[in-house]
Each structure stands twice: as structure tokens, then as C-alpha cells.
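Student: Got a structure here, written out as C-alpha cells. Questions coming.
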Amino acid sequence: MAALLAVVLLAWGCSAGEEQARKPATRLHDAQGESQWLINAIAKYLIEEGYGYPVETVAGATQDMMEALPKGELDLNLEGWQPNILEWYEVEIDSGTIVNLGVVFEDSSQAFVIPQWVADEHDITAVFDMKDRWELFTDPQDPSKGVFYNCIVGWECV
């Protein structure tokens, strides 16, 4: 009897695995940001556990996503910063190659951030004040210029 039960369970397990293998994987873009990792983990859980579809995360920069998403090589980009890629975004939305599914972070913003003591000591109250104080943030590769590090390389930040 135990042998029969083992055969039945093995056959059932194999057929469930085959069914899962036949379903197409949902491919999530992973831009290597912690907030997107969280969103992707939630989506992965819902898609796999709730709908029974496998999920793959595909790491890549913004430019990679911009090429792959309209072609269907990615299925979801769950954190998009449209202001950084507005021209591309508007073209793809207008042409119907991508669809906006809604807002993830309602009150998010982007900003340049410097230490408070630097702002106080040099009377910096807005990004425009940096025009006359660029020497405080000299570019190590070209000391004749100042530099802002907007984001991780490949994120296409403005």
C-alpha cells in the first residue's frame, strides 16, 4: 500500500511540475535597486503562488529595459521613473507597446542631496546655488569641472 501511495504521489508531483514547466515565465525587470527588489519579490510571490506561473528576474540597466520591454523580451517593469526617460516613455505609451499599470510610490521624488553642514557653511539652499560653488564637488577625472552623482550608472537619471 505504501508503495502504491508513493507511486501516486510521485506521478502527481511530476504532472504538477510538468504543468508549471509548460506555463510561460513572467519576466520582471531588475534595475538593481532595493525598492524594486521588494516590489519584484511581492509580484513574484503573487504570480507564482496565486496564479501558478514561474517568474524570472532579468537584471539590467534602464537602457536594457527600454529596449526589451517594448519587444516583449520583458513582461513587467514594476518601478519606472518616467521623468528620467520621458521622451521614450511617451513614444512607447502612444504607440501602445507598453501600458502604464498605475503608480507604485505616490509621494516619491528625486533630489540632489548634500550634507547639511556643507549647505550651511557655503549658503547653499537650492541646486542653482551650485553653479557658483562647483569647486566644492570637483570631478576627480576632470578637476576643471564639478560633478553630481545622480544615481547608479545605467539608471538614466536626469
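Every chain in the C-alpha cells has a letter given in the order shown (A, B, ...), and although residue numbers restart at 1 in each chain, ligands are simply numbered from 1 in the order shown.
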Find the residues near range 56-67 of chain A: any atom within 12 Å, counting only C-alpha atoms, skip ones fewer than 4 places away on the same chain, and give them as a short mmCIF file (atom, residue, chain, number, x, y, z; two decimals) with C-alpha atoms, in the first residue's frame.
Tutor:
data_model
loop_
_atom_site.label_atom_id
_atom_site.label_comp_id
_atom_site.auth_asym_id
_atom_site.auth_seq_id
_atom_site.Cartn_x
_atom_site.Cartn_y
_atom_site.Cartn_z
CA PRO A 24 5.46 30.71 -19.70
CA ALA A 25 7.64 32.52 -17.21
CA THR A 26 6.79 36.11 -16.35
CA ARG A 27 9.96 38.16 -16.79
CA LEU A 28 10.45 41.02 -14.32
CA HIS A 29 12.99 43.79 -14.92
CA ASP A 30 15.51 44.17 -12.09
CA ALA A 31 17.33 47.50 -12.16
CA GLN A 32 19.28 46.52 -9.02
CA GLY A 33 17.51 48.90 -6.66
CA GLN A 36 12.43 47.36 -6.91
CA TRP A 37 13.70 44.17 -5.27
CA ILE A 39 8.23 45.14 -5.42
CA ASN A 40 9.54 42.27 -7.56
CA ALA A 41 9.52 39.89 -4.57
CA ALA A 43 4.93 40.29 -7.55
CA LYS A 44 6.92 37.04 -7.78
CA TYR A 45 5.07 35.63 -4.78
CA ILE A 47 2.34 35.34 -9.66
CA GLU A 48 3.88 32.03 -8.55
CA LYS A 71 9.78 43.99 -27.80
CA GLY A 72 8.18 41.67 -25.23
CA GLU A 73 11.54 40.38 -24.02
CA LEU A 74 10.47 41.61 -20.56
CA ASP A 75 6.91 41.41 -19.24
CA LEU A 76 6.95 43.86 -16.35
CA ASN A 77 8.99 46.81 -15.15
CA LEU A 78 7.43 47.45 -11.76
CA GLU A 79 9.34 50.62 -10.92
CA GLY A 80 9.72 53.18 -13.67
CA TRP A 81 10.85 56.75 -13.22
CA GLN A 82 9.13 58.32 -16.20
CA ASN A 84 14.08 60.29 -16.40
CA ILE A 85 13.03 58.69 -19.69
CA LEU A 86 10.05 60.85 -20.59
CA GLU A 87 10.56 61.04 -24.36
CA TRP A 88 10.91 57.24 -24.68
CA TYR A 89 8.03 56.67 -22.27
CA GLU A 90 5.61 58.93 -24.16
CA VAL A 91 6.51 57.40 -27.54
CA GLU A 92 6.02 53.84 -26.27
CA THR A 97 3.95 48.97 -26.99
CA ILE A 98 3.86 49.49 -23.21
CA CYS A 151 22.32 57.57 -9.45
CA ILE A 152 23.81 54.18 -10.18
CA VAL A 153 25.49 54.01 -13.59
CA GLY A 154 22.98 52.78 -16.17
CA TRP A 155 19.87 54.15 -14.46
CA GLU A 156 19.47 57.06 -16.93
CA CYS A 157 18.83 59.67 -14.23
#
Student: How would you write, as a PyMOL selection string, the set of residues in chain A that DSSP gives as alpha helix (DSSP H)?
Tutor: chain A and resi 2-22+34-45+51+62-71+86-95+116-121
Student: If I take CA of Lys23 in chain A and CA of Gly102 in chain A, how far is one from the other in Å, to one decimal?
Tutor: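 Those two atoms sit 25.9 Å apart.
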Student: Against range 130-145 of chain A, which residues of range 11-125 of chain A fall within 9 Å? For each one I want the closest pair of atoms and the distance in Å (one decimal), counting only C-alpha atoms, rows by chain and increasing residue number, as JSON lines.
Tutor:
{"residue": "A:Val118", "atom": "CA", "partner": "A:Leu136", "partner_atom": "CA", "distance": 8.9}
{"residue": "A:His122", "atom": "CA", "partner": "A:Arg133", "partner_atom": "CA", "distance": 8.0}
{"residue": "A:Ile124", "atom": "CA", "partner": "A:Met130", "partner_atom": "CA", "distance": 7.1}
Student: Can you write out the residues you just picked, keeping N, CA and C atoms, as a compact mmCIF listing (two decimals), in the first residue's frame?
Tutor:
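Output saved as result_3.txt:
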# COMPACT_ATOMS: atom_id res chain seq x y z
N VAL A 118 27.63 71.29 4.80
CA VAL A 118 28.14 71.92 3.58
C VAL A 118 27.18 73.02 3.13
N HIS A 122 28.34 77.00 3.23
CA HIS A 122 28.52 77.66 1.92
C HIS A 122 27.25 78.32 1.41
N ILE A 124 24.20 77.27 0.69
CA ILE A 124 23.55 76.58 -0.44
C ILE A 124 22.13 76.21 -0.01
Student: Please give the complete set of residues from chain A that DSSP, run on the backbone, assigns to strand (DSSP E), formatted as a PyMOL selection string.
Tutor: chain A and resi 26-30+55-59+138-139+142-146
Student: Quote the spacing between CA of Ile42 in chain A and CA of Ala68 in chain A in Å to one decimal place.
Tutor: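 Spanning CA of Ile42 in chain A to CA of Ala68 in chain A is a straight-line distance of 22.0 Å.
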